[in-house]
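Q: My file is work_5.pdb. It has PDB, C-alpha atoms, pLDDT in the B column:
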MODEL        1
ATOM      1  CA  GLN A 608      71.146  17.858-158.860  1.00 82.00           C
ATOM      2  CA  SER A 609      70.450  21.482-157.899  1.00 88.00           C
ATOM      3  CA  VAL A 610      70.211  24.217-160.523  1.00 90.00           C
ATOM      4  CA  LEU A 611      72.457  26.532-158.489  1.00 96.00           C
ATOM      5  CA  THR A 612      75.897  25.329-157.367  1.00 97.00           C
ATOM      6  CA  GLN A 613      77.209  25.859-153.843  1.00 98.00           C
ATOM      7  CA  PRO A 614      80.181  24.308-152.028  1.00 97.00           C
ATOM      8  CA  PRO A 615      78.944  21.450-149.808  1.00 97.00           C
ATOM      9  CA  SER A 616      80.757  22.738-146.747  1.00 97.00           C
ATOM     10  CA  VAL A 617      82.869  25.567-145.376  1.00 97.00           C
ATOM     11  CA  SER A 618      84.490  26.073-142.011  1.00 96.00           C
ATOM     12  CA  ALA A 619      86.275  28.771-140.042  1.00 96.00           C
ATOM     13  CA  ALA A 620      87.144  29.670-136.480  1.00 96.00           C
ATOM     14  CA  PRO A 621      85.048  31.927-134.246  1.00 97.00           C
ATOM     15  CA  GLY A 622      85.605  35.582-135.055  1.00 97.00           C
ATOM     16  CA  GLN A 623      86.809  34.817-138.556  1.00 97.00           C
ATOM     17  CA  LYS A 624      85.179  35.473-141.937  1.00 97.00           C
ATOM     18  CA  VAL A 625      83.674  32.933-144.315  1.00 97.00           C
ATOM     19  CA  THR A 626      82.510  33.231-147.910  1.00 98.00           C
ATOM     20  CA  ILE A 627      79.883  31.031-149.564  1.00 98.00           C
ATOM     21  CA  SER A 628      79.498  31.093-153.328  1.00 98.00           C
ATOM     22  CA  CYS A 629      76.437  30.421-155.476  1.00 98.00           C
ATOM     23  CA  SER A 630      76.891  29.832-159.187  1.00 97.00           C
ATOM     24  CA  GLY A 631      74.107  29.815-161.743  1.00 96.00           C
ATOM     25  CA  SER A 632      73.411  30.761-165.338  1.00 96.00           C
ATOM     26  CA  SER A 633      72.040  33.591-167.436  1.00 95.00           C
ATOM     27  CA  SER A 634      68.455  32.370-166.966  1.00 94.00           C
ATOM     28  CA  ASN A 635      68.539  32.503-163.172  1.00 96.00           C
ATOM     29  CA  VAL A 636      71.293  34.336-161.223  1.00 97.00           C
ATOM     30  CA  GLY A 637      72.311  36.288-164.314  1.00 96.00           C
ATOM     31  CA  SER A 638      68.875  37.845-164.759  1.00 94.00           C
ATOM     32  CA  ASN A 639      67.195  37.731-161.336  1.00 95.00           C
ATOM     33  CA  ASN A 640      67.929  38.862-157.803  1.00 97.00           C
ATOM     34  CA  VAL A 641      69.333  36.341-155.355  1.00 98.00           C
ATOM     35  CA  ALA A 642      68.220  35.526-151.813  1.00 98.00           C
ATOM     36  CA  TRP A 643      70.031  33.644-149.076  1.00 98.00           C
ATOM     37  CA  TYR A 644      68.487  31.487-146.348  1.00 98.00           C
ATOM     38  CA  GLN A 645      69.832  30.159-143.082  1.00 98.00           C
ATOM     39  CA  GLN A 646      68.580  26.821-141.783  1.00 98.00           C
ATOM     40  CA  LEU A 647      69.576  26.023-138.223  1.00 97.00           C
ATOM     41  CA  PRO A 648      69.474  22.318-137.299  1.00 94.00           C
ATOM     42  CA  GLY A 649      65.928  21.017-137.033  1.00 94.00           C
ATOM     43  CA  THR A 650      64.272  24.287-137.977  1.00 97.00           C
ATOM     44  CA  ALA A 651      62.670  25.909-141.002  1.00 98.00           C
ATOM     45  CA  PRO A 652      64.757  28.083-143.322  1.00 98.00           C
ATOM     46  CA  LYS A 653      64.929  31.790-142.502  1.00 98.00           C
ATOM     47  CA  LEU A 654      65.457  34.643-144.954  1.00 98.00           C
ATOM     48  CA  LEU A 655      68.896  36.164-144.472  1.00 98.00           C
ATOM     49  CA  ILE A 656      69.529  38.301-147.572  1.00 98.00           C
ATOM     50  CA  TYR A 657      67.209  39.341-150.405  1.00 98.00           C
ATOM     51  CA  ASP A 658      67.633  41.310-153.630  1.00 97.00           C
ATOM     52  CA  ASN A 659      71.329  40.300-153.653  1.00 97.00           C
ATOM     53  CA  ASP A 660      72.445  42.510-150.788  1.00 97.00           C
ATOM     54  CA  LYS A 661      69.532  43.605-148.595  1.00 98.00           C
ATOM     55  CA  ARG A 662      68.996  42.400-145.045  1.00 98.00           C
ATOM     56  CA  PRO A 663      65.532  41.919-143.533  1.00 96.00           C
ATOM     57  CA  SER A 664      64.891  43.678-140.257  1.00 95.00           C
ATOM     58  CA  GLY A 665      66.690  41.942-137.387  1.00 96.00           C
ATOM     59  CA  ILE A 666      69.480  40.378-139.447  1.00 97.00           C
ATOM     60  CA  PRO A 667      72.858  41.618-138.164  1.00 97.00           C
ATOM     61  CA  ASP A 668      75.232  43.403-140.527  1.00 96.00           C
ATOM     62  CA  ARG A 669      77.734  40.561-140.043  1.00 97.00           C
ATOM     63  CA  PHE A 670      75.819  38.986-142.913  1.00 98.00           C
ATOM     64  CA  SER A 671      76.257  40.540-146.347  1.00 98.00           C
ATOM     65  CA  GLY A 672      75.562  39.536-149.925  1.00 98.00           C
ATOM     66  CA  SER A 673      76.666  40.494-153.389  1.00 97.00           C
ATOM     67  CA  LYS A 674      76.151  39.422-156.979  1.00 98.00           C
ATOM     68  CA  SER A 675      78.232  39.678-160.109  1.00 96.00           C
ATOM     69  CA  GLY A 676      77.159  38.201-163.430  1.00 96.00           C
ATOM     70  CA  THR A 677      75.974  34.625-162.880  1.00 97.00           C
ATOM     71  CA  SER A 678      77.460  34.263-159.387  1.00 97.00           C
ATOM     72  CA  ALA A 679      76.417  35.435-155.954  1.00 98.00           C
ATOM     73  CA  THR A 680      78.272  35.465-152.664  1.00 98.00           C
ATOM     74  CA  LEU A 681      77.304  35.403-148.998  1.00 98.00           C
ATOM     75  CA  VAL A 682      79.876  36.722-146.529  1.00 98.00           C
ATOM     76  CA  ILE A 683      79.657  36.174-142.789  1.00 98.00           C
ATOM     77  CA  THR A 684      82.089  38.084-140.586  1.00 97.00           C
ATOM     78  CA  GLY A 685      82.764  37.796-136.870  1.00 97.00           C
ATOM     79  CA  LEU A 686      81.711  34.135-136.897  1.00 97.00           C
ATOM     80  CA  GLN A 687      79.836  32.836-133.863  1.00 97.00           C
ATOM     81  CA  THR A 688      79.078  29.262-132.858  1.00 96.00           C
ATOM     82  CA  GLY A 689      75.402  30.113-133.306  1.00 96.00           C
ATOM     83  CA  ASP A 690      76.038  30.641-137.023  1.00 97.00           C
ATOM     84  CA  GLU A 691      76.531  26.891-137.517  1.00 97.00           C
ATOM     85  CA  ALA A 692      73.803  26.056-140.008  1.00 97.00           C
ATOM     86  CA  ASP A 693      73.048  25.184-143.597  1.00 98.00           C
ATOM     87  CA  TYR A 694      72.940  28.126-146.003  1.00 98.00           C
ATOM     88  CA  TYR A 695      71.000  28.121-149.258  1.00 98.00           C
ATOM     89  CA  CYS A 696      70.913  30.554-152.147  1.00 98.00           C
ATOM     90  CA  GLY A 697      67.739  30.905-154.184  1.00 97.00           C
ATOM     91  CA  THR A 698      66.323  32.837-157.090  1.00 97.00           C
ATOM     92  CA  TRP A 699      63.943  32.577-160.058  1.00 95.00           C
ATOM     93  CA  ASP A 700      64.696  30.818-163.311  1.00 94.00           C
ATOM     94  CA  SER A 701      63.176  32.383-166.413  1.00 91.00           C
ATOM     95  CA  SER A 702      64.092  29.612-168.881  1.00 87.00           C
ATOM     96  CA  LEU A 703      60.505  28.358-169.157  1.00 80.00           C
ATOM     97  CA  SER A 704      57.500  30.501-170.048  1.00 80.00           C
ATOM     98  CA  ALA A 705      56.050  30.333-166.530  1.00 82.00           C
ATOM     99  CA  GLY A 706      59.395  30.365-164.752  1.00 87.00           C
ATOM    100  CA  PHE A 707      60.198  28.504-161.572  1.00 92.00           C
ATOM    101  CA  ALA A 708      62.025  29.002-158.274  1.00 94.00           C
ATOM    102  CA  VAL A 709      65.426  27.380-157.831  1.00 96.00           C
ATOM    103  CA  PHE A 710      67.784  26.762-154.923  1.00 97.00           C
ATOM    104  CA  GLY A 711      71.386  25.817-154.443  1.00 97.00           C
ATOM    105  CA  GLY A 712      72.251  22.484-152.899  1.00 97.00           C
ATOM    106  CA  GLY A 713      73.129  24.124-149.607  1.00 97.00           C
ATOM    107  CA  THR A 714      76.399  24.773-147.762  1.00 98.00           C
ATOM    108  CA  GLN A 715      77.008  23.449-144.284  1.00 98.00           C
ATOM    109  CA  LEU A 716      78.914  25.954-142.151  1.00 97.00           C
ATOM    110  CA  THR A 717      81.050  24.624-139.322  1.00 97.00           C
ATOM    111  CA  VAL A 718      82.456  27.054-136.782  1.00 96.00           C
ATOM    112  CA  LEU A 719      85.534  25.295-135.452  1.00 88.00           C
TER     113      LEU A 719
ATOM    114  CA  GLN B 946      53.541  39.447-136.977  1.00 95.00           C
ATOM    115  CA  VAL B 947      53.356  37.156-139.976  1.00 97.00           C
ATOM    116  CA  GLN B 948      52.669  33.539-139.034  1.00 98.00           C
ATOM    117  CA  LEU B 949      52.233  30.454-141.164  1.00 98.00           C
ATOM    118  CA  VAL B 950      50.971  27.446-139.221  1.00 98.00           C
ATOM    119  CA  GLN B 951      50.964  24.097-140.987  1.00 98.00           C
ATOM    120  CA  SER B 952      49.027  20.925-140.328  1.00 97.00           C
ATOM    121  CA  GLY B 953      50.575  17.953-138.572  1.00 96.00           C
ATOM    122  CA  GLY B 954      52.697  15.132-139.895  1.00 97.00           C
ATOM    123  CA  GLU B 955      51.231  12.456-142.122  1.00 97.00           C
ATOM    124  CA  VAL B 956      52.064   8.828-142.852  1.00 98.00           C
ATOM    125  CA  LYS B 957      50.799   7.522-146.183  1.00 98.00           C
ATOM    126  CA  LYS B 958      51.109   4.348-148.207  1.00 98.00           C
ATOM    127  CA  PRO B 959      52.542   4.362-151.720  1.00 98.00           C
ATOM    128  CA  GLY B 960      49.912   5.386-154.258  1.00 97.00           C
ATOM    129  CA  ALA B 961      47.911   7.418-151.759  1.00 98.00           C
ATOM    130  CA  SER B 962      47.368  11.188-151.640  1.00 98.00           C
ATOM    131  CA  VAL B 963      48.188  13.733-148.958  1.00 98.00           C
ATOM    132  CA  LYS B 964      46.755  17.192-148.334  1.00 98.00           C
ATOM    133  CA  VAL B 965      48.735  19.662-146.236  1.00 98.00           C
ATOM    134  CA  SER B 966      47.339  22.964-144.990  1.00 98.00           C
ATOM    135  CA  CYS B 967      49.013  26.271-144.178  1.00 98.00           C
ATOM    136  CA  LYS B 968      47.037  28.889-142.226  1.00 98.00           C
ATOM    137  CA  ALA B 969      48.281  32.457-142.599  1.00 98.00           C
ATOM    138  CA  SER B 970      47.871  35.344-140.179  1.00 97.00           C
ATOM    139  CA  GLY B 971      49.344  38.758-139.450  1.00 97.00           C
ATOM    140  CA  TYR B 972      48.975  40.188-142.960  1.00 97.00           C
ATOM    141  CA  THR B 973      46.447  40.712-145.748  1.00 97.00           C
ATOM    142  CA  PHE B 974      46.158  37.235-147.241  1.00 97.00           C
ATOM    143  CA  THR B 975      45.109  38.393-150.708  1.00 97.00           C
ATOM    144  CA  ASN B 976      48.199  40.592-151.130  1.00 96.00           C
ATOM    145  CA  TYR B 977      50.689  37.720-151.334  1.00 97.00           C
ATOM    146  CA  GLY B 978      51.265  34.348-152.876  1.00 97.00           C
ATOM    147  CA  ILE B 979      52.442  31.226-151.071  1.00 98.00           C
ATOM    148  CA  SER B 980      55.109  28.818-152.275  1.00 98.00           C
ATOM    149  CA  TRP B 981      55.504  25.215-151.230  1.00 98.00           C
ATOM    150  CA  VAL B 982      59.069  23.955-150.789  1.00 98.00           C
ATOM    151  CA  ARG B 983      60.057  20.455-149.775  1.00 98.00           C
ATOM    152  CA  GLN B 984      63.166  18.967-148.201  1.00 98.00           C
ATOM    153  CA  ALA B 985      63.865  15.244-148.336  1.00 97.00           C
ATOM    154  CA  PRO B 986      65.795  13.767-145.392  1.00 96.00           C
ATOM    155  CA  GLY B 987      69.366  15.080-145.419  1.00 94.00           C
ATOM    156  CA  GLN B 988      68.791  16.876-148.709  1.00 96.00           C
ATOM    157  CA  GLY B 989      68.410  20.443-149.955  1.00 96.00           C
ATOM    158  CA  LEU B 990      65.406  22.607-150.724  1.00 97.00           C
ATOM    159  CA  GLU B 991      63.157  21.894-153.704  1.00 97.00           C
ATOM    160  CA  TRP B 992      60.413  24.235-154.920  1.00 97.00           C
ATOM    161  CA  VAL B 993      57.115  22.466-155.560  1.00 98.00           C
ATOM    162  CA  GLY B 994      54.972  25.365-156.757  1.00 97.00           C
ATOM    163  CA  TRP B 995      53.091  28.561-155.957  1.00 96.00           C
ATOM    164  CA  VAL B 996      49.512  29.662-155.410  1.00 97.00           C
ATOM    165  CA  SER B 997      48.190  33.217-155.472  1.00 96.00           C
ATOM    166  CA  GLY B 998      46.381  34.409-152.354  1.00 96.00           C
ATOM    167  CA  TYR B 999      44.535  36.900-154.549  1.00 95.00           C
ATOM    168  CA  ASN B1000      42.898  34.771-157.237  1.00 94.00           C
ATOM    169  CA  GLY B1001      44.112  31.194-156.721  1.00 94.00           C
ATOM    170  CA  ASN B1002      46.315  31.155-159.815  1.00 96.00           C
ATOM    171  CA  THR B1003      48.991  28.496-159.663  1.00 97.00           C
ATOM    172  CA  ASN B1004      52.432  27.747-161.075  1.00 95.00           C
ATOM    173  CA  TYR B1005      53.832  24.270-160.504  1.00 96.00           C
ATOM    174  CA  GLU B1006      57.362  22.939-160.920  1.00 94.00           C
ATOM    175  CA  GLN B1007      57.308  20.856-164.076  1.00 93.00           C
ATOM    176  CA  LYS B1008      58.161  17.560-162.343  1.00 94.00           C
ATOM    177  CA  PHE B1009      55.007  17.819-160.192  1.00 96.00           C
ATOM    178  CA  GLN B1010      52.615  18.835-162.975  1.00 94.00           C
ATOM    179  CA  GLY B1011      49.579  16.551-163.023  1.00 95.00           C
ATOM    180  CA  ARG B1012      50.281  15.238-159.522  1.00 98.00           C
ATOM    181  CA  VAL B1013      49.926  18.362-157.373  1.00 98.00           C
ATOM    182  CA  THR B1014      47.085  20.783-156.715  1.00 98.00           C
ATOM    183  CA  MET B1015      47.426  23.979-154.695  1.00 98.00           C
ATOM    184  CA  THR B1016      44.416  26.000-153.593  1.00 98.00           C
ATOM    185  CA  ALA B1017      43.795  29.128-151.541  1.00 97.00           C
ATOM    186  CA  ASP B1018      40.769  29.751-149.315  1.00 97.00           C
ATOM    187  CA  THR B1019      40.437  33.480-148.714  1.00 96.00           C
ATOM    188  CA  SER B1020      37.644  32.996-146.160  1.00 97.00           C
ATOM    189  CA  THR B1021      40.046  31.230-143.779  1.00 97.00           C
ATOM    190  CA  SER B1022      43.390  32.593-145.058  1.00 97.00           C
ATOM    191  CA  THR B1023      44.515  29.031-145.641  1.00 98.00           C
ATOM    192  CA  VAL B1024      46.334  27.437-148.542  1.00 98.00           C
ATOM    193  CA  TYR B1025      46.380  23.742-149.308  1.00 98.00           C
ATOM    194  CA  MET B1026      48.730  21.469-151.190  1.00 98.00           C
ATOM    195  CA  GLU B1027      47.534  18.076-152.339  1.00 98.00           C
ATOM    196  CA  LEU B1028      50.062  15.612-153.732  1.00 98.00           C
ATOM    197  CA  ARG B1029      48.816  12.414-155.356  1.00 98.00           C
ATOM    198  CA  SER B1030      50.283   9.052-156.375  1.00 98.00           C
ATOM    199  CA  LEU B1031      52.821   9.201-153.582  1.00 98.00           C
ATOM    200  CA  THR B1032      56.055   7.208-153.702  1.00 98.00           C
ATOM    201  CA  SER B1033      58.847   6.838-151.171  1.00 97.00           C
ATOM    202  CA  ASP B1034      60.666   9.635-153.017  1.00 97.00           C
ATOM    203  CA  ASP B1035      57.982  12.030-151.762  1.00 98.00           C
ATOM    204  CA  THR B1036      59.015  11.474-148.151  1.00 98.00           C
ATOM    205  CA  ALA B1037      60.061  14.942-147.050  1.00 98.00           C
ATOM    206  CA  VAL B1038      59.324  17.926-144.869  1.00 98.00           C
ATOM    207  CA  TYR B1039      56.979  20.217-146.778  1.00 98.00           C
ATOM    208  CA  TYR B1040      57.189  23.933-146.016  1.00 98.00           C
ATOM    209  CA  CYS B1041      54.853  26.719-147.024  1.00 98.00           C
ATOM    210  CA  ALA B1042      56.425  30.144-147.417  1.00 98.00           C
ATOM    211  CA  ARG B1043      54.976  33.573-148.100  1.00 97.00           C
ATOM    212  CA  ASP B1044      56.579  35.083-151.179  1.00 95.00           C
ATOM    213  CA  LYS B1045      57.905  38.636-151.106  1.00 93.00           C
ATOM    214  CA  ASN B1046      58.180  38.323-154.900  1.00 90.00           C
ATOM    215  CA  ALA B1047      59.112  35.607-157.386  1.00 89.00           C
ATOM    216  CA  GLN B1048      62.690  35.460-156.145  1.00 91.00           C
ATOM    217  CA  VAL B1049      62.139  35.583-152.375  1.00 95.00           C
ATOM    218  CA  ARG B1050      60.480  33.208-149.868  1.00 96.00           C
ATOM    219  CA  GLU B1051      60.079  35.741-147.031  1.00 97.00           C
ATOM    220  CA  TYR B1052      58.348  33.908-144.154  1.00 98.00           C
ATOM    221  CA  TRP B1053      58.239  30.158-143.618  1.00 98.00           C
ATOM    222  CA  GLY B1054      55.906  27.769-141.875  1.00 98.00           C
ATOM    223  CA  GLN B1055      57.198  25.248-139.363  1.00 98.00           C
ATOM    224  CA  GLY B1056      57.113  22.381-141.850  1.00 98.00           C
ATOM    225  CA  THR B1057      55.042  19.205-142.166  1.00 98.00           C
ATOM    226  CA  LEU B1058      56.721  15.794-142.346  1.00 98.00           C
ATOM    227  CA  VAL B1059      55.104  13.531-144.910  1.00 98.00           C
ATOM    228  CA  THR B1060      56.285   9.947-144.696  1.00 98.00           C
ATOM    229  CA  VAL B1061      55.453   7.499-147.483  1.00 98.00           C
ATOM    230  CA  SER B1062      55.948   3.919-146.436  1.00 97.00           C
ATOM    231  CA  SER B1063      54.286   0.588-147.014  1.00 95.00           C
TER     232      SER B1063
ENDMDL
END
Would you give me this structure, written as C-alpha cells?
A:
Amino acid sequence: QSVLTQPPSVSAAPGQKVTISCSGSSSNVGSNNVAWYQQLPGTAPKLLIYDNDKRPSGIPDRFSGSKSGTSATLVITGLQTGDEADYYCGTWDSSLSAGFAVFGGGTQLTVL
Amino acid sequence: QVQLVQSGGEVKKPGASVKVSCKASGYTFTNYGISWVRQAPGQGLEWVGWVSGYNGNTNYEQKFQGRVTMTADTSTSTVYMELRSLTSDDTAVYYCARDKNAQVREYWGQGTLVTVSS
C-alpha cells in the first residue's frame, strides 16, 4: 500500500494529452515539493519533474507538473509512443521526526 | 556527467545477508547524499533509506531499521547497502540514487537484482 495514491493506468492516442494525479496528505504532498519519475520498460527510473513544476535539462516541455494542496498532477501533451512507461510521483513525508521518502504506486501509461 | 554504477546481481538464501555497492563519479561525492530505493517484481518503488556522502549519517525507513546498514567510503566515492536476515519478500531490484534534496532522487544507478530463494 503506497503512501501516495495514483491511478493504476491511463491511456490516450498519439498526439493527445493525458493527466496523471497524485494524492497525498498534509504531512507529505501538502508540505513538501513533489517530483515525478518516468520508468521505461526494463530501465531505471528517470527524473522528469522536480519541485512540483520544474524540468531537468533535456526534458521536453511536453511534460509539465503542478501542485495544489495535497494533490499533484503530471500532464503530458503531444503523446508519443515512446512515452509508454510507468510514472511515479514522490516526495518527503514529515510525519516522523526523521522523515522519510515516499512514492506513489505508479501509473502505467499506454499510448493507443 | 553524473554516473552511479552498481554491483552485479546476487542470489541469496533466506536468512543470509547481501551487500550492494554503488560507485559514484562525475561530481563531488561529499556534496550529496545517496538514497536506496527498491522495486519488487511488478511492483512500485519503495524507499529503503539514505546515507550522507559528507559524514556517513544515515536515515532508514522504519520497516528496515535493525536490518539494514548503509555506509559511504569517501576514498572511493562508493556507498554500500547491506541488508540482513533476507526473506523472499526482499527479492527486488535495488537502485541507488543521488539526492538533489530530501524530496528528489536526481540521478539513478542501473539497479541490482537481489534474488532470495532456497
Q: Using all atoms listed in the file, which of the listed residues (B:Asp1035, B:Glu1051, B:Asp1018, B:Glu955) sits closest to chain A?
A: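 When distances to chain A are compared using all atoms listed in the file, the smallest one comes from B:Glu1051.
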Q: Quick one: which residues from chain A are at most 7 Å off chain B, using all atoms listed in the file, as a list in words?
A: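 Listing them in order of chain and number gives Asn640, Val641, Ala642, Ala651, Pro652, Lys653, Leu654, Tyr657, Thr698, Trp699, Phe707, Ala708, Val709, Phe710, Gly712 and Gly713 of chain A.
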Q: Save out the residues we just selected, C-alpha atoms, as a PDB file, in the frame of the given file.
A:
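This is the output file again.pdb:
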ATOM      1  CA  ASN A 640      67.929  38.862-157.803  1.00 97.00           C
ATOM      2  CA  VAL A 641      69.333  36.341-155.355  1.00 98.00           C
ATOM      3  CA  ALA A 642      68.220  35.526-151.813  1.00 98.00           C
ATOM      4  CA  ALA A 651      62.670  25.909-141.002  1.00 98.00           C
ATOM      5  CA  PRO A 652      64.757  28.083-143.322  1.00 98.00           C
ATOM      6  CA  LYS A 653      64.929  31.790-142.502  1.00 98.00           C
ATOM      7  CA  LEU A 654      65.457  34.643-144.954  1.00 98.00           C
ATOM      8  CA  TYR A 657      67.209  39.341-150.405  1.00 98.00           C
ATOM      9  CA  THR A 698      66.323  32.837-157.090  1.00 97.00           C
ATOM     10  CA  TRP A 699      63.943  32.577-160.058  1.00 95.00           C
ATOM     11  CA  PHE A 707      60.198  28.504-161.572  1.00 92.00           C
ATOM     12  CA  ALA A 708      62.025  29.002-158.274  1.00 94.00           C
ATOM     13  CA  VAL A 709      65.426  27.380-157.831  1.00 96.00           C
ATOM     14  CA  PHE A 710      67.784  26.762-154.923  1.00 97.00           C
ATOM     15  CA  GLY A 712      72.251  22.484-152.899  1.00 97.00           C
ATOM     16  CA  GLY A 713      73.129  24.124-149.607  1.00 97.00           C
TER      17      GLY A 713
END
Q: Using only C-alpha atoms for the distances, tell me which of A:Asn635, A:Asn659, A:Ser664, A:Gln623 is nearest to Thr680 of chain A.
A: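 Closest to Thr680 of chain A, using only C-alpha atoms: A:Asn659.
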Q: What residues have an atom no more than 8 Å from (76.8, 23.3, -151.6) in the file's own frame, counting all atoms listed in the file, and can you write them as a PyMOL selection string?
A: chain A and resi 612-616+695+711-715
Q: Could the residues in this selection be saved with C-alpha atoms as an mmCIF file, in the coordinates of the input?
A:
data_model
loop_
_atom_site.group_PDB
_atom_site.id
_atom_site.type_symbol
_atom_site.label_atom_id
_atom_site.label_comp_id
_atom_site.auth_asym_id
_atom_site.auth_seq_id
_atom_site.Cartn_x
_atom_site.Cartn_y
_atom_site.Cartn_z
ATOM 1 C CA THR A 612 75.897 25.329 -157.367
ATOM 2 C CA GLN A 613 77.209 25.859 -153.843
ATOM 3 C CA PRO A 614 80.181 24.308 -152.028
ATOM 4 C CA PRO A 615 78.944 21.450 -149.808
ATOM 5 C CA SER A 616 80.757 22.738 -146.747
ATOM 6 C CA TYR A 695 71.000 28.121 -149.258
ATOM 7 C CA GLY A 711 71.386 25.817 -154.443
ATOM 8 C CA GLY A 712 72.251 22.484 -152.899
ATOM 9 C CA GLY A 713 73.129 24.124 -149.607
ATOM 10 C CA THR A 714 76.399 24.773 -147.762
ATOM 11 C CA GLN A 715 77.008 23.449 -144.284
#
Q: Starting from the shown file, work through the PyMOL selection byres ((chain B and resi 960) around 8) and note down what comes out as an MDAnalysis selection string.
A: chainID B and resid 958:959 961:962 1029:1032
Q: Can you list, as a PyMOL selection string, every protein, DNA or RNA residue that comes within 10 Å of Gly676 of chain A when you count only C-alpha atoms, leaving out same-chain residues fewer than 3 positions away?
A: chain A and resi 630-633+636-638+679
Q: Counting all atoms listed in the file, figure out which residue out of B:Gln984, B:Gln951, B:Ser997, B:Thr1057 gets nearest to Thr1019 of chain B.
A: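 Of B:Gln984, B:Gln951, B:Ser997, B:Thr1057, the one nearest Thr1019 of chain B is B:Ser997, counting all atoms listed in the file.
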Q: Can you turn the PyMOL selection byres ((chain A and resi 670) around 12) into a concrete residue list for this file, as a ChimeraX atom specification?
A: /A:624-627,643-645,654-657,659-663,665-669,671-673,680-687,690,694
Q: Tell me, in Å to one decimal, how far atom CA of Val1024 of chain B is from atom CA of Gln608 of chain A.
A: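 Calculated distance between atom CA of Val1024 of chain B and atom CA of Gln608 of chain A is 28.5 Å.
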